[in-house]
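Trainee: This structure is in structure tokens; I'll ask about it shortly.
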Amino acid sequence: MEVSDVQRARRRIAKALAPTPLVLDHVLSERLGRRVWLKVESLQHTGSFKARGSLNWLGTARDEELSGGLGAVSAGNHALGLAWAARQRNVPVTIVMPENASPFKVEGSRALGAEVILHGDINAAWTLMHELVEKRGLTLVHPYDDERIIAGQGTLGLEVLEQAPDAQAILCPVGGGGLIGGIGVAASALRPSLSLIGVEPSGAASMAHAWAQDGPAKLDRVESCAKSLAAAIVGEHTYLLSRRYVAKLLAVDEEAIHRAMRHLLYQTKLVAEPGAAVGVAALLEDAATLPPQGDIVVIVTGANLGRDELADFL
């Protein structure tokens, strides 16, 4: 994958998706003695960055890929993004989600026209989806291990590079690795000195596990409040991109994630779901070794929480 793929994706989705803003985190900036910017993807269509990849995928899809409908496995945000993008083309979508998926994301996906099936854990959901692909003739739209999805997510990186010309590091949440892979493609070509740091929940550190195993390897157990990052295994594409472009991986625990969510709400007036808050958690916990100077950008990936869920976390 080349930066030109990401640039074409940006032109492809530009009319439908406006750039999201950077917001200065004054408290973290004062604490670190440098500017810390938050890239607020919670203001994106469907409440997360996932709309980028889905819209790019639909924009490049062939008729035969669409004719039988689309299928996907998702903890929620990919489901929302794909359902929204597919509705623009009147393409039916079937989503299998784990039984513990957020009710807010389940109902949101259904409201956008998707058929949502709740089934087991994330591994069982994948097994069922593969069966449905065979039985129904669906085209699988992978949530992260697809170059069209990765290129769409990488458009976020192009925006950050333009909005934060003095940034020397980006902290990015990591689940399956599509977002950090796309950002890496963009940043390595346009600002190779920038340090790209991935942050995972300690209970779902699938990319760190892949690094340790020298390739994608399924975690025996995935347990984290950050369900949007709870991929049991990273992809072949995303693993290779991470090894090429990611400077380091960090892990944060559940309490750190909760503290980061509260920080974002009380100090910056931003709602963030658990998976979106891991980058801020790493800074609050002093877990990140940062470049000696320059601005820091933290990707806040989404805010899809129901009222009861938000109350529980806070």
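Quick note on naming: the chains in the structure tokens go A, B, ... in the order shown, residues restart at 1 in each chain, and ligands are numbered from 1 in order of appearance.
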I'd like the contact shell of His209 (chain A) - 12 Å cut-off, only C-alpha atoms, skipping same-chain residues fewer than 2 positions apart - returned as a PyMOL selection string.

Mentor: chain A and resi 175-176+200+202-207+211-222+231-234+239+249-251

Trainee: How would the residues just chosen look if you wrote them out with N, CA and C atoms as a compact mmCIF listing (two decimals), in the first residue's frame?

Mentor:
# COMPACT_ATOMS: atom_id res chain seq x y z
N GLY A 175 -6.76 -1.87 17.77
CA GLY A 175 -7.58 -3.07 17.93
C GLY A 175 -7.07 -4.09 16.95
N GLY A 176 -7.68 -4.10 15.76
CA GLY A 176 -7.19 -4.97 14.70
C GLY A 176 -6.03 -4.37 13.93
N GLU A 200 -2.88 -0.19 23.32
CA GLU A 200 -3.87 -1.26 23.41
C GLU A 200 -4.36 -1.41 24.85
N SER A 202 -4.80 -3.68 28.02
CA SER A 202 -3.97 -4.81 28.45
C SER A 202 -4.71 -6.14 28.33
N GLY A 203 -6.03 -6.12 28.39
CA GLY A 203 -6.80 -7.35 28.27
C GLY A 203 -7.08 -7.76 26.85
N ALA A 204 -6.62 -7.00 25.88
CA ALA A 204 -6.86 -7.31 24.46
C ALA A 204 -5.69 -6.82 23.62
N ALA A 205 -4.49 -7.11 24.06
CA ALA A 205 -3.29 -6.60 23.39
C ALA A 205 -2.90 -7.54 22.24
N SER A 206 -3.74 -7.60 21.22
CA SER A 206 -3.54 -8.55 20.13
C SER A 206 -2.36 -8.18 19.24
N MET A 207 -2.08 -6.90 19.07
CA MET A 207 -0.94 -6.52 18.23
C MET A 207 0.38 -6.83 18.94
N TRP A 211 3.33 -9.25 17.61
CA TRP A 211 4.75 -8.90 17.56
C TRP A 211 5.58 -9.98 18.26
N ALA A 212 5.09 -10.44 19.41
CA ALA A 212 5.84 -11.44 20.16
C ALA A 212 5.91 -12.78 19.43
N GLN A 213 4.88 -13.07 18.63
CA GLN A 213 4.80 -14.34 17.91
C GLN A 213 5.32 -14.25 16.48
N ASP A 214 5.79 -13.06 16.09
CA ASP A 214 6.29 -12.84 14.72
C ASP A 214 5.21 -13.08 13.66
N GLY A 215 3.98 -12.73 14.00
CA GLY A 215 2.89 -12.85 13.05
C GLY A 215 1.56 -12.92 13.78
N PRO A 216 0.46 -12.69 13.06
CA PRO A 216 -0.86 -12.74 13.70
C PRO A 216 -1.09 -14.07 14.40
N ALA A 217 -1.49 -13.98 15.66
CA ALA A 217 -1.78 -15.18 16.46
C ALA A 217 -2.94 -14.84 17.39
N LYS A 218 -3.92 -15.74 17.45
CA LYS A 218 -5.14 -15.46 18.20
C LYS A 218 -4.88 -15.48 19.70
N LEU A 219 -5.41 -14.48 20.40
CA LEU A 219 -5.36 -14.47 21.85
C LEU A 219 -6.30 -15.54 22.39
N ASP A 220 -5.86 -16.25 23.43
CA ASP A 220 -6.72 -17.26 24.04
C ASP A 220 -7.91 -16.62 24.74
N ARG A 221 -7.68 -15.41 25.24
CA ARG A 221 -8.74 -14.73 26.00
C ARG A 221 -8.71 -13.25 25.71
N VAL A 222 -9.87 -12.67 25.47
CA VAL A 222 -9.99 -11.23 25.27
C VAL A 222 -10.98 -10.71 26.31
N ALA A 231 -10.17 -7.06 19.41
CA ALA A 231 -9.93 -8.04 18.35
C ALA A 231 -9.08 -9.17 18.91
N ALA A 232 -9.52 -10.41 18.68
CA ALA A 232 -8.76 -11.55 19.18
C ALA A 232 -7.49 -11.79 18.38
N ILE A 233 -7.48 -11.31 17.13
CA ILE A 233 -6.31 -11.50 16.28
C ILE A 233 -6.23 -10.34 15.30
N VAL A 234 -5.04 -9.87 15.04
CA VAL A 234 -4.85 -8.80 14.06
C VAL A 234 -4.77 -9.42 12.67
N TYR A 239 -0.71 -6.37 10.52
CA TYR A 239 0.51 -6.76 11.23
C TYR A 239 1.74 -6.24 10.49
N LEU A 249 4.56 -0.07 21.00
CA LEU A 249 3.23 -0.40 21.47
C LEU A 249 3.19 -0.28 22.98
N LEU A 250 2.10 0.28 23.49
CA LEU A 250 1.88 0.42 24.92
C LEU A 250 0.58 -0.28 25.29
N ALA A 251 0.44 -0.63 26.57
CA ALA A 251 -0.80 -1.22 27.07
C ALA A 251 -1.25 -0.48 28.32

Trainee: With a distance cut-off of 9 Å and only C-alpha atoms, select the neighbouring residues of region 287-298 of chain A, excluding the residue or stretch itself and same-chain residues fewer than 3 positions from it, and output the selection as a PyMOL selection string.

Mentor: chain A and resi 22+29+34-40+160+164-173+194-195+197+250-252+279-284

Trainee: Of the candidates A:Val174, A:Leu28, A:Leu196, A:Leu161, which one gets nearest to Ala260 (chain A) if we count only C-alpha atoms?

Mentor: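 For Ala260 (chain A), the nearest of the candidates is A:Leu28.
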
Trainee: Using only C-alpha atoms, pick whichever of A:Asn123, A:Pro19, A:Thr46, A:His263 has the shortest atom-to-atom distance to Gln163 (chain A).

Mentor: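 Ranked by minimum distance to Gln163 (chain A), first place goes to A:Pro19.
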
Trainee: If you count only C-alpha atoms, which residues fall within 8 Å of Ala151 (chain A), apart from same-chain ones fewer than 3 positions away, as a PyMOL selection string?

Mentor: chain A and resi 5-6+9+53+56+147-148+154-155+182

Trainee: In region 23-232 of chain A, what's alpha helix (DSSP H) per DSSP? Answer as a ChimeraX atom specification?

Mentor: /A:26-32,50-60,63-66,77-88,103-111,122-136,147-163,178-190,206-213

Trainee: Residues within 7 Å of Lys227 (chain A), please, as a list in words. Count only C-alpha atoms; anything in the same chain fewer than 2 positions from it doesn't count.

Mentor: Ala75, Ser224, Cys225, Leu229, Ala230 and Gly275 of chain A

Trainee: How would the residues just picked look written out with C-alpha atoms as a short mmCIF file (atom, residue, chain, number, x, y, z; two decimals), in the first residue's frame?

Mentor:
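Dumped to again.cif:
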data_model
loop_
_atom_site.label_atom_id
_atom_site.label_comp_id
_atom_site.auth_asym_id
_atom_site.auth_seq_id
_atom_site.Cartn_x
_atom_site.Cartn_y
_atom_site.Cartn_z
CA ALA A 75 -18.25 -5.03 18.11
CA SER A 224 -11.61 -5.52 28.26
CA CYS A 225 -14.11 -2.73 28.72
CA LEU A 229 -10.42 -2.71 20.48
CA ALA A 230 -11.16 -6.29 21.48
CA GLY A 275 -11.42 2.20 23.31
#

Trainee: Rounded to one decimal, what separation in Å do you get between CA of Ile299 (chain A) and CA of Ser242 (chain A)?

Mentor: 16.4 Å

Trainee: I need the residues in region 125-276 of chain A that are strand (DSSP E or B) according to DSSP; give them as a list of chain:residue names.

Mentor: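 The residues of region 125-276 of chain A classed as strand (DSSP E or B) are A:Thr139, A:Leu140, A:Ala167, A:Gln168, A:Ala169, A:Ile170, A:Leu171, A:Cys172, A:Pro173, A:Ser195, A:Leu196, A:Ile197, A:Gly198, A:Val199, A:Glu200, A:Pro201, A:Lys248, A:Leu249, A:Leu250, A:Ala251, A:Val252.
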
Trainee: For those residues, write all heavy atoms to a file as a compact mmCIF listing (two decimals), in the first residue's frame.

Mentor:
# COMPACT_ATOMS: atom_id res chain seq x y z
N THR A 139 -20.76 -10.70 0.51
CA THR A 139 -19.37 -10.27 0.38
C THR A 139 -18.90 -9.77 1.73
O THR A 139 -19.50 -8.86 2.31
CB THR A 139 -19.22 -9.15 -0.66
OG1 THR A 139 -19.60 -9.64 -1.95
CG2 THR A 139 -17.78 -8.66 -0.73
N LEU A 140 -17.86 -10.38 2.26
CA LEU A 140 -17.35 -10.00 3.57
C LEU A 140 -16.57 -8.69 3.48
O LEU A 140 -15.67 -8.55 2.65
CB LEU A 140 -16.43 -11.10 4.11
CG LEU A 140 -15.78 -10.84 5.47
CD1 LEU A 140 -16.83 -10.75 6.57
CD2 LEU A 140 -14.76 -11.94 5.79
N ALA A 167 3.56 18.51 15.03
CA ALA A 167 3.44 17.24 15.76
C ALA A 167 4.65 16.36 15.51
O ALA A 167 5.11 16.21 14.37
CB ALA A 167 2.17 16.51 15.35
N GLN A 168 5.16 15.78 16.58
CA GLN A 168 6.27 14.84 16.49
C GLN A 168 5.89 13.43 16.92
O GLN A 168 6.69 12.51 16.77
CB GLN A 168 7.44 15.33 17.34
CG GLN A 168 8.13 16.57 16.78
CD GLN A 168 8.71 16.32 15.39
OE1 GLN A 168 9.42 15.35 15.16
NE2 GLN A 168 8.38 17.18 14.44
N ALA A 169 4.67 13.27 17.45
CA ALA A 169 4.21 11.94 17.85
C ALA A 169 2.70 11.87 17.74
O ALA A 169 2.00 12.85 17.98
CB ALA A 169 4.64 11.61 19.27
N ILE A 170 2.21 10.70 17.35
CA ILE A 170 0.78 10.41 17.35
C ILE A 170 0.57 9.17 18.20
O ILE A 170 1.24 8.16 18.02
CB ILE A 170 0.25 10.14 15.92
CG1 ILE A 170 0.38 11.39 15.05
CG2 ILE A 170 -1.20 9.67 15.96
CD1 ILE A 170 -0.04 11.16 13.60
N LEU A 171 -0.37 9.26 19.15
CA LEU A 171 -0.78 8.11 19.93
C LEU A 171 -2.11 7.63 19.38
O LEU A 171 -3.08 8.39 19.31
CB LEU A 171 -0.93 8.45 21.41
CG LEU A 171 0.36 8.39 22.25
CD1 LEU A 171 1.27 9.57 21.91
CD2 LEU A 171 0.04 8.37 23.74
N CYS A 172 -2.16 6.37 18.98
CA CYS A 172 -3.32 5.83 18.28
C CYS A 172 -3.81 4.55 18.94
O CYS A 172 -3.02 3.63 19.16
CB CYS A 172 -2.96 5.55 16.82
SG CYS A 172 -4.30 4.88 15.83
N PRO A 173 -5.11 4.45 19.25
CA PRO A 173 -5.64 3.18 19.74
C PRO A 173 -5.45 2.08 18.72
O PRO A 173 -5.53 2.30 17.51
CB PRO A 173 -7.13 3.49 19.95
CG PRO A 173 -7.20 4.98 20.12
CD PRO A 173 -6.13 5.51 19.23
N SER A 195 6.88 10.04 15.23
CA SER A 195 6.84 8.78 15.96
C SER A 195 5.38 8.33 16.11
O SER A 195 4.55 9.07 16.66
CB SER A 195 7.47 8.95 17.35
OG SER A 195 7.42 7.75 18.08
N LEU A 196 5.07 7.15 15.63
CA LEU A 196 3.72 6.60 15.70
C LEU A 196 3.67 5.55 16.81
O LEU A 196 4.38 4.53 16.75
CB LEU A 196 3.32 6.00 14.36
CG LEU A 196 1.91 5.43 14.21
CD1 LEU A 196 0.85 6.47 14.54
CD2 LEU A 196 1.71 4.90 12.80
N ILE A 197 2.85 5.80 17.82
CA ILE A 197 2.79 4.97 19.02
C ILE A 197 1.41 4.34 19.12
O ILE A 197 0.40 5.04 19.11
CB ILE A 197 3.09 5.80 20.28
CG1 ILE A 197 4.47 6.46 20.17
CG2 ILE A 197 2.99 4.93 21.53
CD1 ILE A 197 4.74 7.50 21.24
N GLY A 198 1.36 3.03 19.21
CA GLY A 198 0.10 2.33 19.37
C GLY A 198 -0.21 2.06 20.82
O GLY A 198 0.69 1.80 21.62
N VAL A 199 -1.50 2.14 21.18
CA VAL A 199 -1.92 1.89 22.56
C VAL A 199 -3.06 0.87 22.54
O VAL A 199 -4.05 1.05 21.85
CB VAL A 199 -2.39 3.18 23.26
CG1 VAL A 199 -2.62 2.90 24.75
CG2 VAL A 199 -1.36 4.31 23.08
N GLU A 200 -2.88 -0.19 23.32
CA GLU A 200 -3.87 -1.26 23.41
C GLU A 200 -4.36 -1.41 24.85
O GLU A 200 -3.65 -1.07 25.80
CB GLU A 200 -3.24 -2.59 22.99
CG GLU A 200 -2.72 -2.63 21.57
CD GLU A 200 -2.12 -3.98 21.22
OE1 GLU A 200 -1.01 -4.27 21.71
OE2 GLU A 200 -2.77 -4.73 20.48
N PRO A 201 -5.57 -1.96 25.03
CA PRO A 201 -5.98 -2.36 26.37
C PRO A 201 -5.22 -3.62 26.77
O PRO A 201 -5.00 -4.51 25.95
CB PRO A 201 -7.49 -2.64 26.22
CG PRO A 201 -7.69 -2.93 24.77
CD PRO A 201 -6.62 -2.19 24.02
N LYS A 248 6.39 1.98 18.65
CA LYS A 248 6.27 1.20 19.88
C LYS A 248 4.80 0.94 20.17
O LYS A 248 3.91 1.63 19.67
CB LYS A 248 6.92 1.93 21.06
CG LYS A 248 6.26 3.25 21.43
CD LYS A 248 7.06 4.01 22.47
CE LYS A 248 8.32 4.61 21.87
NZ LYS A 248 9.05 5.49 22.80
N LEU A 249 4.56 -0.07 21.00
CA LEU A 249 3.23 -0.40 21.47
C LEU A 249 3.19 -0.28 22.98
O LEU A 249 4.12 -0.71 23.68
CB LEU A 249 2.85 -1.83 21.07
CG LEU A 249 2.61 -2.11 19.59
CD1 LEU A 249 2.48 -3.61 19.36
CD2 LEU A 249 1.37 -1.38 19.10
N LEU A 250 2.10 0.28 23.49
CA LEU A 250 1.88 0.42 24.92
C LEU A 250 0.58 -0.28 25.29
O LEU A 250 -0.29 -0.49 24.45
CB LEU A 250 1.78 1.90 25.32
CG LEU A 250 2.89 2.83 24.85
CD1 LEU A 250 2.54 4.27 25.18
CD2 LEU A 250 4.22 2.44 25.48
N ALA A 251 0.44 -0.63 26.57
CA ALA A 251 -0.80 -1.22 27.07
C ALA A 251 -1.25 -0.48 28.32
O ALA A 251 -0.42 -0.06 29.14
CB ALA A 251 -0.61 -2.70 27.38
N VAL A 252 -2.55 -0.28 28.44
CA VAL A 252 -3.12 0.39 29.62
C VAL A 252 -4.22 -0.49 30.20
O VAL A 252 -4.92 -1.19 29.47
CB VAL A 252 -3.68 1.78 29.26
CG1 VAL A 252 -2.55 2.74 28.92
CG2 VAL A 252 -4.68 1.71 28.11

Trainee: So which residues touch Glu309 (chain A) within 9 Å, counting only C-alpha atoms, skipping near sequence neighbours fewer than 4 positions away, as a PyMOL selection string?

Mentor: chain A and resi 102+104+305+313-314

Trainee: Restrict the selected residues to all heavy atoms and save them as a tab-separated table (two decimals), in the first residue's frame.

Mentor:
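As written to disk, part.tsv reads:
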chain	number	residue	atom	x	y	z
A	102	SER	N	-22.50	-3.46	22.69
A	102	SER	CA	-23.23	-2.32	23.24
A	102	SER	C	-24.63	-2.25	22.64
A	102	SER	O	-24.79	-2.20	21.42
A	102	SER	CB	-22.47	-1.03	22.92
A	102	SER	OG	-23.33	0.09	23.03
A	104	PHE	N	-26.46	0.25	22.48
A	104	PHE	CA	-26.50	1.50	21.74
A	104	PHE	C	-26.04	1.28	20.30
A	104	PHE	O	-26.65	1.77	19.34
A	104	PHE	CB	-25.60	2.53	22.43
A	104	PHE	CG	-25.57	3.87	21.76
A	104	PHE	CD1	-26.53	4.83	22.03
A	104	PHE	CD2	-24.54	4.19	20.87
A	104	PHE	CE1	-26.49	6.08	21.42
A	104	PHE	CE2	-24.49	5.43	20.25
A	104	PHE	CZ	-25.47	6.37	20.53
A	305	LEU	N	-21.60	5.50	23.01
A	305	LEU	CA	-22.00	4.98	24.31
A	305	LEU	C	-23.45	5.34	24.57
A	305	LEU	O	-23.87	6.49	24.33
A	305	LEU	CB	-21.16	5.58	25.43
A	305	LEU	CG	-19.73	5.08	25.63
A	305	LEU	CD1	-19.04	5.98	26.65
A	305	LEU	CD2	-19.73	3.64	26.11
A	313	PHE	N	-19.53	3.87	33.49
A	313	PHE	CA	-18.10	4.15	33.42
A	313	PHE	C	-17.72	5.35	34.28
A	313	PHE	O	-16.62	5.41	34.80
A	313	PHE	CB	-17.68	4.38	31.97
A	313	PHE	CG	-17.59	3.13	31.17
A	313	PHE	CD1	-18.38	2.93	30.06
A	313	PHE	CD2	-16.70	2.12	31.52
A	313	PHE	CE1	-18.30	1.78	29.30
A	313	PHE	CE2	-16.61	0.95	30.78
A	313	PHE	CZ	-17.42	0.78	29.68
A	314	LEU	N	-18.60	6.31	34.39
A	314	LEU	CA	-18.28	7.51	35.14
A	314	LEU	C	-18.59	7.38	36.62
A	314	LEU	O	-18.22	8.26	37.38
A	314	LEU	CB	-19.05	8.71	34.55
A	314	LEU	CG	-18.69	9.04	33.09
A	314	LEU	CD1	-19.53	10.20	32.59
A	314	LEU	CD2	-17.21	9.38	32.98

Trainee: Would you list the contacts of region 127-133 of chain A as number ranges by chain, taking every protein, DNA or RNA residue within 12 Å and counting only C-alpha atoms, but skipping same-chain residues closer than 3 positions in sequence?

Mentor: A: 65, 68-74, 93-98, 116-124, 136-142

Trainee: Using only C-alpha atoms, can you tell me which of A:Gly181, A:Ala311, A:Ala125, A:Gly306 comes closest to Lys105 (chain A)?

Mentor: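 Checking each candidate against Lys105 (chain A), we get A:Gly306 as the closest.
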
Trainee: Would you pick out the contacts of Gln88 (chain A) at 10 Å or less, using only C-alpha atoms, so that residues sharing its chain but fewer than 4 positions from it are not included, and give the list as a PDB file with all heavy atoms, in the first residue's frame?

Mentor:
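Output contents, as saved in selection-v5.pdb:
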ATOM      1  N   LEU A  55     -16.843   3.937   3.778  1.00  0.00           N
ATOM      2  CA  LEU A  55     -17.231   4.737   2.616  1.00  0.00           C
ATOM      3  C   LEU A  55     -16.242   4.533   1.475  1.00  0.00           C
ATOM      4  O   LEU A  55     -16.638   4.449   0.297  1.00  0.00           O
ATOM      5  CB  LEU A  55     -17.302   6.218   2.996  1.00  0.00           C
ATOM      6  CG  LEU A  55     -18.077   7.113   2.023  1.00  0.00           C
ATOM      7  CD1 LEU A  55     -19.539   6.714   1.961  1.00  0.00           C
ATOM      8  CD2 LEU A  55     -17.951   8.571   2.445  1.00  0.00           C
ATOM      9  N   LEU A  58     -17.021   1.086  -0.115  1.00  0.00           N
ATOM     10  CA  LEU A  58     -18.197   1.148  -0.994  1.00  0.00           C
ATOM     11  C   LEU A  58     -17.898   1.924  -2.264  1.00  0.00           C
ATOM     12  O   LEU A  58     -18.397   1.588  -3.343  1.00  0.00           O
ATOM     13  CB  LEU A  58     -19.365   1.788  -0.252  1.00  0.00           C
ATOM     14  CG  LEU A  58     -20.372   0.876   0.460  1.00  0.00           C
ATOM     15  CD1 LEU A  58     -21.164   0.043  -0.524  1.00  0.00           C
ATOM     16  CD2 LEU A  58     -19.703  -0.007   1.505  1.00  0.00           C
ATOM     17  N   ALA A  83     -23.047   0.130   7.822  1.00  0.00           N
ATOM     18  CA  ALA A  83     -24.484   0.277   7.585  1.00  0.00           C
ATOM     19  C   ALA A  83     -24.800   1.653   7.004  1.00  0.00           C
ATOM     20  O   ALA A  83     -25.605   1.780   6.069  1.00  0.00           O
ATOM     21  CB  ALA A  83     -25.249   0.055   8.883  1.00  0.00           C
ATOM     22  N   TRP A  84     -24.142   2.671   7.540  1.00  0.00           N
ATOM     23  CA  TRP A  84     -24.371   4.035   7.031  1.00  0.00           C
ATOM     24  C   TRP A  84     -23.888   4.177   5.593  1.00  0.00           C
ATOM     25  O   TRP A  84     -24.592   4.714   4.732  1.00  0.00           O
ATOM     26  CB  TRP A  84     -23.661   5.037   7.933  1.00  0.00           C
ATOM     27  CG  TRP A  84     -23.690   6.434   7.400  1.00  0.00           C
ATOM     28  CD1 TRP A  84     -24.725   7.323   7.439  1.00  0.00           C
ATOM     29  CD2 TRP A  84     -22.623   7.103   6.710  1.00  0.00           C
ATOM     30  NE1 TRP A  84     -24.376   8.504   6.831  1.00  0.00           N
ATOM     31  CE2 TRP A  84     -23.093   8.394   6.376  1.00  0.00           C
ATOM     32  CE3 TRP A  84     -21.319   6.742   6.352  1.00  0.00           C
ATOM     33  CZ2 TRP A  84     -22.302   9.325   5.697  1.00  0.00           C
ATOM     34  CZ3 TRP A  84     -20.534   7.659   5.685  1.00  0.00           C
ATOM     35  CH2 TRP A  84     -21.024   8.928   5.362  1.00  0.00           C
TER      36      TRP A  84
END
